[in-house]
Amino acid sequence: MMKDLLGLILMSACLTSLQAQSILKGQVYGVVQDSVSFANLEYATIQLQQAVDHSVVTGGITDQSGTFSVDVEQGSYYAVIDFIGYQQYKTEAFEITQDAPSVDLGVILIQQVVNTLKEVVVQAEKSTMELALDKRIFNVGKDLGNAGGSASEILNNIPSVTVDAEGEVSLRGNSNVRILVDGKPSGLVSFKGGIGLQQLQASLIDKVEIITNPSARYEAEGMGGIINIVLKKDRKQGFNGSFEISGGSPLNVGGAANVNYRKNDLNFFINYGISYRNLPSYRSIYQELRERDSVFISKQSFEHEQKGFSQNIRGGLDYFFTETSILTASYLFRRSDGTRFSDIRYEDYLTSIQNPTGYTLRIQDEEEAEPNNEYALSFKKIFEKKGHEFTADVRFLDNWEDSDQKYTETNFASDGTRVGSSLQLSPNFETEKQLLFQVDYSYPFSKDGKLEVGARSSTRDITNDFLVEQQNEKGEFIPLPGFDNDFIYDENIHGAYGILANKVKKFAYQVGIRAEWSTIETLLLETREKNPRNYANLFPSVHMTYDLVNDHAIQVSYSRRIRRPTYRELTPYFTFADNRNFYSGNPDLNPEFSDVFEFGHIKYFEQGSVVSSLYFRTTDAISQGIRSVDSNGFSTIKPENLKNEQAYGLEVTAGYTPLTWWKLDLNVNLFRAEIDASNINAQFNSETTTWFVRQTSRFTLSPKADLQFRANYEAPKQVPQGKSKSLYYFDIAFTQDILGNQGTLTLNASDILNTRKFRSVINGTNFYAEAESQRQQRQINLTLSYRINQ
């Protein structure tokens with residue numbers, strides 16, 4: 001079915017291209033570069049205007065190599081080039097004739113905006129959202145709701161992205177997403193997944209790139225797509241920088257500095273952020289267990305308070321051998337020190353809540369330290385021919401996490417009489433070391449044709465020394481059976497890719513293949529349980545684009561993706577903070593494989609742009625957490641490979657400026673998912689049709705003041721063992737430029753009605769449960785930022 005569909009797409013696109021070739025009479029092409037660094041500028045807009053009446057005839061955008069090609073009928077024209085943060089460029093007039101149907105504008109060098117007040121206000125304004133067919137770029141600083149927050153909160157403000165109660169990040173409803181920092185893996189998400197992004201301050205982030213259907217150029221990991229967080233950095237001559245301080249409630253204080261200095265061939269940059277936060281949260285569970293012809297009821301409440309002090313520092317230098325040969329060395333250090341206090345209450349009943357049998361109080365008290373070190377060295381060479389580039393990168397990640405947890409539990413009878421108690425200690429020490437090599441080379445073999453090749457090698461070693469001890473009657477701490485072991489995780493993934501791209505008139509195609517070899521082994525040191533996995537896979541990708549008239553374009557794409565089980569999902573240890581709801585990994589978990597098809601359309605117009613996408617994804621061996629409850633009423637959630645999932649949907653993302661003082665962004669995603677769990681239990685089969693919408697309005701109150709309002713809604717969704725209920729919340733922010741437009745004061749409030757609560761219903765063969773949680777309560781922040789030469 002997939003081969004037939006792909007063949008049909010190729011045939012129709014080729015026929016369309018042949019028809020177009022017979023109509024078009026001329027072509028204008030060139031490449032756009034930065035006038036200082038000579039870097040190719042992707043997504044610069046090109047307009048062809050009539051030389052006589054200056055009316056816009058057609059246009060286009062530059063690709064990843066800065067290249068553009070626009071088809072036009074015979075006539076006299078000039079080209080206008082625009083790019084965010086750069087001065088507009090207008091070419092001399094030129095003619096398209098029968099004898100000279102093609103015009104090469106060559107390399108067009110455009111200059112960054114000079115920092116006069118007029119230019120900052122009129123030209124240097126960045127859009128919150130930049131749309132393209134294969135990538136969407138979200139500029140963090142222009143979203144007022146991001147001030148004073150973290151990377152996790154930034155992602156939750158981005159169209160297509162959601163962050164759930166556990167901090168797990170999803171793209172278009174799929175949590176199998178690859179998160180990168182500056183295009184590479186990061187220690188932030190190694191141990192804790194998406195929740196680790198709370199340690200990275202928003203003020204250190206420049207932009208976020210969303211790639212929903214990556215090509216073979218990218219590693220094959222991440223079936224839902226790739227989220228790339230790009231940190232701030234500049235290369236302008238002289239000194240420039242920005243500084244920020246913030247405070248908020250619940251307690252959130254911090255500061256940040258982003259400084260850059262370039263003189264001749266050397267460019268120095270440093271980013272520093274420091275913060276202290278208190279994150280209160282809660283969770284409640286109501287559970288009915290049907291066992292031994294009786295109904296056992298449990299009401300569970302959890303009050304959490306997480307306090308953390310974190311620092312991030314990133315420094316480095318660029319050495320310009322020439323403006324086209326650049327060597328970059330950088331070092332990044334993060335450290336998070338925190339405490340976690342949880343107050344848990346279990347209430348037990350028989351048959352009904354009018355018949356209590358007792359209750360239990362449990363307290364978790366944890367101290368945790370987590371330093372991350374990242375070292376990077378990269379080289380970039382831009383050759384004379386446009387699109388001819390070579391890059392090499394090597395980086396080393398060295399991270400560890402040390403936590404000490406104490407659990408105190410006291411049991412009471414229904415009349416309040418104390419009947420027992422226990423004290424448990426759980427020291428836990430984890431380490432991670434990863435070495436990464438990557439090279440990429442692109443060679444343009446014709447005006448629009450390009451060959452890309454590259455290779456990547458990653459070795460990763462993780463250890464986890466896990467122990468739970470309980471105090472006996474003599475006051476001695478004895479290890480609990482099964483909770484004293486060392487878990488060792490070794491991962492080696494090597495890959496290579498090749499991509500062929502070309503363009504014929506308005507039809508462009510890119511065909512790629514990626515090969516990856518994976519060797520993964522887990523070992524429980526004490527029990528000598530070993531689980532080796534070896535597999536080699538091919539991952540093809542196809543992207544075809546056709547530029548229509550009047551700033552329209554369509555794209556059809558296909559890629560094959562993989563999701564390997566994460567370290568956490570393979571770890572067999574149980575979480576022990578909650579003594580009745582355990583979470584465990586599964587060493588026997590297999591990788592998931594997906595085939596992803598997407599049909600996209602983009603329309604640019606004077607007041608905005610609209611991107612719409614139809615997508616289809618089929619996944620084999622999809623992993624889902626399955627909940628089971630034993631005869632004592634204790635539940636365990638463990639990931640299992642289900643047979644498959646088929647998901648398809650429609651997403652529309654639009655930016656529109658209906659009035660000069662009103663900017664509107666809208667994202668709507670409607671999708672359906674069908675999961676076949678018959679290999680585990682046919683009762684877990686599920687079908688769901690759901691949607692979510694996010695709308696942001698930004699109002700310019702004066703040349704120096706803006707107001708932003710955002711509304712979010714997520715519809716109910718069926719899952720293999722129940723459903724997630726609907727969710728809605730609202731955010732608001734106000735900003736005022738001060739200090740001669742060098743400073744900005746921002747006041748924002750997220751979840752102003754305190755309604756962002758995750759609710760779910762779970763059913764099993766012998767139980768029924770309802771849960772509600774709120775990971776982050778309403779947050780109000782006040783932020784002052786100051787800019788120097790920016």
# chains A, B, ... in the order shown; residues from 1 in each chain; ligands from 1
>>> residues_around(residues="stretch 70-81 of chain A", least_positions_apart="2", cutoff="6 Å", atoms="only C-alpha atoms", output="ChimeraX atom specification")
/A:25-28,45-51,88-97
>>> write_last_selection(atoms="N, CA, C and O atoms", output="PDB file, in the first residue's frame")
ATOM      1  N   LYS A  25       8.288  30.739 -19.177  1.00  0.00           N
ATOM      2  CA  LYS A  25       9.134  31.223 -20.267  1.00  0.00           C
ATOM      3  C   LYS A  25      10.487  31.737 -19.792  1.00  0.00           C
ATOM      4  O   LYS A  25      11.347  32.019 -20.594  1.00  0.00           O
ATOM      5  N   GLY A  26      10.687  31.919 -18.498  1.00  0.00           N
ATOM      6  CA  GLY A  26      11.954  32.439 -18.034  1.00  0.00           C
ATOM      7  C   GLY A  26      12.218  32.073 -16.588  1.00  0.00           C
ATOM      8  O   GLY A  26      11.327  31.584 -15.892  1.00  0.00           O
ATOM      9  N   GLN A  27      13.467  32.336 -16.137  1.00  0.00           N
ATOM     10  CA  GLN A  27      13.850  31.959 -14.793  1.00  0.00           C
ATOM     11  C   GLN A  27      14.879  32.945 -14.256  1.00  0.00           C
ATOM     12  O   GLN A  27      15.794  33.364 -14.970  1.00  0.00           O
ATOM     13  N   VAL A  28      14.700  33.316 -12.976  1.00  0.00           N
ATOM     14  CA  VAL A  28      15.639  34.193 -12.283  1.00  0.00           C
ATOM     15  C   VAL A  28      16.170  33.424 -11.071  1.00  0.00           C
ATOM     16  O   VAL A  28      15.380  32.861 -10.300  1.00  0.00           O
ATOM     17  N   THR A  45      13.068  36.073   1.675  1.00  0.00           N
ATOM     18  CA  THR A  45      11.966  36.163   0.710  1.00  0.00           C
ATOM     19  C   THR A  45      12.405  36.953  -0.519  1.00  0.00           C
ATOM     20  O   THR A  45      13.100  37.975  -0.421  1.00  0.00           O
ATOM     21  N   ILE A  46      11.990  36.487  -1.686  1.00  0.00           N
ATOM     22  CA  ILE A  46      12.324  37.100  -2.967  1.00  0.00           C
ATOM     23  C   ILE A  46      11.031  37.562  -3.628  1.00  0.00           C
ATOM     24  O   ILE A  46      10.077  36.778  -3.757  1.00  0.00           O
ATOM     25  N   GLN A  47      10.972  38.829  -4.063  1.00  0.00           N
ATOM     26  CA  GLN A  47       9.838  39.335  -4.821  1.00  0.00           C
ATOM     27  C   GLN A  47      10.334  39.866  -6.155  1.00  0.00           C
ATOM     28  O   GLN A  47      11.313  40.616  -6.203  1.00  0.00           O
ATOM     29  N   LEU A  48       9.666  39.470  -7.234  1.00  0.00           N
ATOM     30  CA  LEU A  48       9.927  40.041  -8.549  1.00  0.00           C
ATOM     31  C   LEU A  48       8.846  41.076  -8.826  1.00  0.00           C
ATOM     32  O   LEU A  48       7.648  40.763  -8.799  1.00  0.00           O
ATOM     33  N   GLN A  49       9.270  42.330  -9.094  1.00  0.00           N
ATOM     34  CA  GLN A  49       8.330  43.420  -9.323  1.00  0.00           C
ATOM     35  C   GLN A  49       8.518  43.990 -10.718  1.00  0.00           C
ATOM     36  O   GLN A  49       9.639  44.026 -11.240  1.00  0.00           O
ATOM     37  N   GLN A  50       7.411  44.427 -11.303  1.00  0.00           N
ATOM     38  CA  GLN A  50       7.450  45.045 -12.624  1.00  0.00           C
ATOM     39  C   GLN A  50       8.299  46.308 -12.565  1.00  0.00           C
ATOM     40  O   GLN A  50       8.154  47.134 -11.660  1.00  0.00           O
ATOM     41  N   ALA A  51       9.201  46.467 -13.532  1.00  0.00           N
ATOM     42  CA  ALA A  51      10.074  47.639 -13.538  1.00  0.00           C
ATOM     43  C   ALA A  51       9.301  48.919 -13.813  1.00  0.00           C
ATOM     44  O   ALA A  51       9.726  50.008 -13.418  1.00  0.00           O
ATOM     45  N   GLN A  88      16.664  45.739   3.571  1.00  0.00           N
ATOM     46  CA  GLN A  88      16.086  45.306   2.300  1.00  0.00           C
ATOM     47  C   GLN A  88      17.055  45.595   1.160  1.00  0.00           C
ATOM     48  O   GLN A  88      17.746  46.615   1.146  1.00  0.00           O
ATOM     49  N   TYR A  89      17.104  44.682   0.176  1.00  0.00           N
ATOM     50  CA  TYR A  89      18.020  44.816  -0.959  1.00  0.00           C
ATOM     51  C   TYR A  89      17.209  44.827  -2.246  1.00  0.00           C
ATOM     52  O   TYR A  89      16.338  43.973  -2.441  1.00  0.00           O
ATOM     53  N   LYS A  90      17.517  45.782  -3.139  1.00  0.00           N
ATOM     54  CA  LYS A  90      16.813  45.879  -4.419  1.00  0.00           C
ATOM     55  C   LYS A  90      17.841  45.816  -5.549  1.00  0.00           C
ATOM     56  O   LYS A  90      18.837  46.555  -5.545  1.00  0.00           O
ATOM     57  N   THR A  91      17.632  44.932  -6.509  1.00  0.00           N
ATOM     58  CA  THR A  91      18.572  44.773  -7.614  1.00  0.00           C
ATOM     59  C   THR A  91      18.308  45.811  -8.698  1.00  0.00           C
ATOM     60  O   THR A  91      17.287  46.504  -8.688  1.00  0.00           O
ATOM     61  N   GLU A  92      19.226  45.898  -9.628  1.00  0.00           N
ATOM     62  CA  GLU A  92      18.993  46.688 -10.838  1.00  0.00           C
ATOM     63  C   GLU A  92      17.953  45.993 -11.705  1.00  0.00           C
ATOM     64  O   GLU A  92      17.709  44.790 -11.567  1.00  0.00           O
ATOM     65  N   ALA A  93      17.339  46.748 -12.607  1.00  0.00           N
ATOM     66  CA  ALA A  93      16.341  46.170 -13.507  1.00  0.00           C
ATOM     67  C   ALA A  93      17.009  45.208 -14.497  1.00  0.00           C
ATOM     68  O   ALA A  93      18.181  45.384 -14.876  1.00  0.00           O
ATOM     69  N   PHE A  94      16.282  44.177 -14.891  1.00  0.00           N
ATOM     70  CA  PHE A  94      16.786  43.203 -15.873  1.00  0.00           C
ATOM     71  C   PHE A  94      15.640  42.757 -16.767  1.00  0.00           C
ATOM     72  O   PHE A  94      14.459  42.970 -16.450  1.00  0.00           O
ATOM     73  N   GLU A  95      16.011  42.144 -17.890  1.00  0.00           N
ATOM     74  CA  GLU A  95      15.033  41.731 -18.893  1.00  0.00           C
ATOM     75  C   GLU A  95      14.994  40.210 -19.018  1.00  0.00           C
ATOM     76  O   GLU A  95      16.038  39.551 -18.989  1.00  0.00           O
ATOM     77  N   ILE A  96      13.778  39.655 -19.141  1.00  0.00           N
ATOM     78  CA  ILE A  96      13.578  38.259 -19.512  1.00  0.00           C
ATOM     79  C   ILE A  96      13.024  38.261 -20.938  1.00  0.00           C
ATOM     80  O   ILE A  96      11.927  38.789 -21.181  1.00  0.00           O
ATOM     81  N   THR A  97      13.811  37.695 -21.870  1.00  0.00           N
ATOM     82  CA  THR A  97      13.397  37.697 -23.267  1.00  0.00           C
ATOM     83  C   THR A  97      13.459  36.292 -23.835  1.00  0.00           C
ATOM     84  O   THR A  97      13.928  35.357 -23.181  1.00  0.00           O
TER      85      THR A  97
END
>>> closest_residue(among="A:Ser422, A:Gln607, A:Ser557, A:Ser246", to="A:Thr746", atoms="only C-alpha atoms")
A:Ser246
>>> residues_around(residues="A:Ser35", least_positions_apart="6", cutoff="7 Å", atoms="only C-alpha atoms", output="ChimeraX atom specification")
/A:109-111
>>> residues_around(residues="A:Asp404", least_positions_apart="5", cutoff="10 Å", atoms="only C-alpha atoms", output="PDB file with all heavy atoms, in the first residue's frame")
ATOM      1  N   THR A 339      15.722  20.159  46.145  1.00  0.00           N
ATOM      2  CA  THR A 339      15.060  19.299  47.121  1.00  0.00           C
ATOM      3  C   THR A 339      13.655  19.021  46.629  1.00  0.00           C
ATOM      4  O   THR A 339      13.035  19.843  45.945  1.00  0.00           O
ATOM      5  CB  THR A 339      14.996  19.966  48.508  1.00  0.00           C
ATOM      6  OG1 THR A 339      14.232  21.173  48.417  1.00  0.00           O
ATOM      7  CG2 THR A 339      16.393  20.280  49.016  1.00  0.00           C
ATOM      8  N   ASP A 365      11.402  12.828  51.267  1.00  0.00           N
ATOM      9  CA  ASP A 365      12.319  13.953  51.446  1.00  0.00           C
ATOM     10  C   ASP A 365      13.584  13.635  50.648  1.00  0.00           C
ATOM     11  O   ASP A 365      14.317  12.693  50.975  1.00  0.00           O
ATOM     12  CB  ASP A 365      12.633  14.142  52.932  1.00  0.00           C
ATOM     13  CG  ASP A 365      13.327  15.463  53.205  1.00  0.00           C
ATOM     14  OD1 ASP A 365      13.652  16.173  52.237  1.00  0.00           O
ATOM     15  OD2 ASP A 365      13.545  15.778  54.396  1.00  0.00           O
ATOM     16  N   GLU A 366      13.823  14.405  49.586  1.00  0.00           N
ATOM     17  CA  GLU A 366      14.917  14.072  48.657  1.00  0.00           C
ATOM     18  C   GLU A 366      15.811  15.284  48.438  1.00  0.00           C
ATOM     19  O   GLU A 366      15.348  16.413  48.303  1.00  0.00           O
ATOM     20  CB  GLU A 366      14.353  13.607  47.316  1.00  0.00           C
ATOM     21  CG  GLU A 366      15.421  13.306  46.274  1.00  0.00           C
ATOM     22  CD  GLU A 366      14.834  12.941  44.923  1.00  0.00           C
ATOM     23  OE1 GLU A 366      13.592  12.961  44.778  1.00  0.00           O
ATOM     24  OE2 GLU A 366      15.619  12.632  44.015  1.00  0.00           O
ATOM     25  N   GLU A 367      17.113  15.024  48.384  1.00  0.00           N
ATOM     26  CA  GLU A 367      18.098  16.016  47.971  1.00  0.00           C
ATOM     27  C   GLU A 367      18.806  15.491  46.730  1.00  0.00           C
ATOM     28  O   GLU A 367      19.153  14.313  46.658  1.00  0.00           O
ATOM     29  CB  GLU A 367      19.114  16.293  49.090  1.00  0.00           C
ATOM     30  CG  GLU A 367      18.514  16.969  50.307  1.00  0.00           C
ATOM     31  CD  GLU A 367      19.566  17.311  51.338  1.00  0.00           C
ATOM     32  OE1 GLU A 367      20.749  16.956  51.109  1.00  0.00           O
ATOM     33  OE2 GLU A 367      19.215  17.931  52.358  1.00  0.00           O
ATOM     34  N   GLU A 368      19.027  16.394  45.769  1.00  0.00           N
ATOM     35  CA  GLU A 368      19.537  15.941  44.471  1.00  0.00           C
ATOM     36  C   GLU A 368      20.517  16.959  43.909  1.00  0.00           C
ATOM     37  O   GLU A 368      20.320  18.164  44.016  1.00  0.00           O
ATOM     38  CB  GLU A 368      18.362  15.761  43.507  1.00  0.00           C
ATOM     39  CG  GLU A 368      18.734  15.288  42.119  1.00  0.00           C
ATOM     40  CD  GLU A 368      17.505  15.168  41.240  1.00  0.00           C
ATOM     41  OE1 GLU A 368      16.962  16.226  40.846  1.00  0.00           O
ATOM     42  OE2 GLU A 368      17.081  14.050  40.944  1.00  0.00           O
ATOM     43  N   ALA A 369      21.609  16.452  43.317  1.00  0.00           N
ATOM     44  CA  ALA A 369      22.582  17.282  42.601  1.00  0.00           C
ATOM     45  C   ALA A 369      22.781  16.690  41.216  1.00  0.00           C
ATOM     46  O   ALA A 369      22.926  15.463  41.071  1.00  0.00           O
ATOM     47  CB  ALA A 369      23.907  17.335  43.353  1.00  0.00           C
ATOM     48  N   LEU A 425      15.512   4.307  53.129  1.00  0.00           N
ATOM     49  CA  LEU A 425      16.488   5.186  52.499  1.00  0.00           C
ATOM     50  C   LEU A 425      16.807   4.669  51.101  1.00  0.00           C
ATOM     51  O   LEU A 425      16.881   3.451  50.881  1.00  0.00           O
ATOM     52  CB  LEU A 425      17.779   5.248  53.325  1.00  0.00           C
ATOM     53  CG  LEU A 425      17.661   5.733  54.778  1.00  0.00           C
ATOM     54  CD1 LEU A 425      19.028   5.682  55.458  1.00  0.00           C
ATOM     55  CD2 LEU A 425      17.083   7.144  54.833  1.00  0.00           C
ATOM     56  N   SER A 426      16.993   5.599  50.162  1.00  0.00           N
ATOM     57  CA  SER A 426      17.295   5.183  48.796  1.00  0.00           C
ATOM     58  C   SER A 426      18.338   6.116  48.182  1.00  0.00           C
ATOM     59  O   SER A 426      17.996   7.141  47.573  1.00  0.00           O
ATOM     60  CB  SER A 426      16.023   5.180  47.931  1.00  0.00           C
ATOM     61  OG  SER A 426      16.336   4.805  46.597  1.00  0.00           O
ATOM     62  N   PRO A 427      19.629   5.794  48.341  1.00  0.00           N
ATOM     63  CA  PRO A 427      20.664   6.547  47.615  1.00  0.00           C
ATOM     64  C   PRO A 427      20.731   6.061  46.164  1.00  0.00           C
ATOM     65  O   PRO A 427      20.587   4.863  45.886  1.00  0.00           O
ATOM     66  CB  PRO A 427      21.944   6.199  48.380  1.00  0.00           C
ATOM     67  CG  PRO A 427      21.669   4.851  48.981  1.00  0.00           C
ATOM     68  CD  PRO A 427      20.198   4.780  49.246  1.00  0.00           C
ATOM     69  N   ASN A 428      20.925   6.983  45.250  1.00  0.00           N
ATOM     70  CA  ASN A 428      20.919   6.636  43.829  1.00  0.00           C
ATOM     71  C   ASN A 428      21.956   7.498  43.123  1.00  0.00           C
ATOM     72  O   ASN A 428      21.930   8.723  43.230  1.00  0.00           O
ATOM     73  CB  ASN A 428      19.520   6.872  43.246  1.00  0.00           C
ATOM     74  CG  ASN A 428      19.393   6.334  41.836  1.00  0.00           C
ATOM     75  OD1 ASN A 428      20.203   5.536  41.399  1.00  0.00           O
ATOM     76  ND2 ASN A 428      18.385   6.785  41.122  1.00  0.00           N
ATOM     77  N   PHE A 429      22.881   6.843  42.390  1.00  0.00           N
ATOM     78  CA  PHE A 429      23.940   7.571  41.689  1.00  0.00           C
ATOM     79  C   PHE A 429      23.974   7.119  40.239  1.00  0.00           C
ATOM     80  O   PHE A 429      24.095   5.931  39.948  1.00  0.00           O
ATOM     81  CB  PHE A 429      25.296   7.325  42.357  1.00  0.00           C
ATOM     82  CG  PHE A 429      26.404   8.152  41.777  1.00  0.00           C
ATOM     83  CD1 PHE A 429      26.473   9.512  42.026  1.00  0.00           C
ATOM     84  CD2 PHE A 429      27.375   7.570  40.966  1.00  0.00           C
ATOM     85  CE1 PHE A 429      27.497  10.283  41.485  1.00  0.00           C
ATOM     86  CE2 PHE A 429      28.393   8.325  40.431  1.00  0.00           C
ATOM     87  CZ  PHE A 429      28.459   9.690  40.691  1.00  0.00           C
TER      88      PHE A 429
END
>>> closest_residue(among="A:Asn492, A:Ser330, A:Ser457, A:Ser541", to="A:Pro214", atoms="only C-alpha atoms")
A:Ser541
>>> closest_residue(among="A:Glu640, A:Glu42, A:Ser609, A:Arg617", to="A:Ile680", atoms="only C-alpha atoms")
A:Glu640
>>> closest_residue(among="A:Ser281, A:Gln434, A:Gln695, A:Ser631", to="A:Asn669", atoms="only C-alpha atoms")
A:Gln695
>>> closest_residue(among="A:Thr351, A:Gln311, A:Ile229, A:Lys638", to="A:Ser152", atoms="only C-alpha atoms")
A:Ile229
>>> closest_residue(among="A:Gly222, A:Pro481, A:Gly743, A:Pro720", to="A:Gln624", atoms="only C-alpha atoms")
A:Pro720
>>> residues_around(residues="stretch 591-604 of chain A", least_positions_apart="3", cutoff="8 Å", atoms="only C-alpha atoms", output="PyMOL selection string")
chain A and resi 132-133+213+223+551-565+608-623
>>> select_by_dssp(residues="stretch 673-742 of chain A", states="strand (DSSP E or B)", output="number ranges by chain")
A: 673-676, 686-702, 705-714, 717-719, 722-724, 727-738
>>> residues_around(residues="A:Ala39", least_positions_apart="6", cutoff="9 Å", atoms="only C-alpha atoms", output="PyMOL selection string")
chain A and resi 32-33+65-66+323-324+382
>>> residues_around(residues="A:Val253", least_positions_apart="2", cutoff="9 Å", atoms="only C-alpha atoms", output="NGL selection string")
:A and (148 or 245-249 or 251 or 255 or 274-277 or 781)
>>> atom_distance(atom1="atom CA of A:Glu374", atom2="atom CA of A:Ser310")
16.0 Å
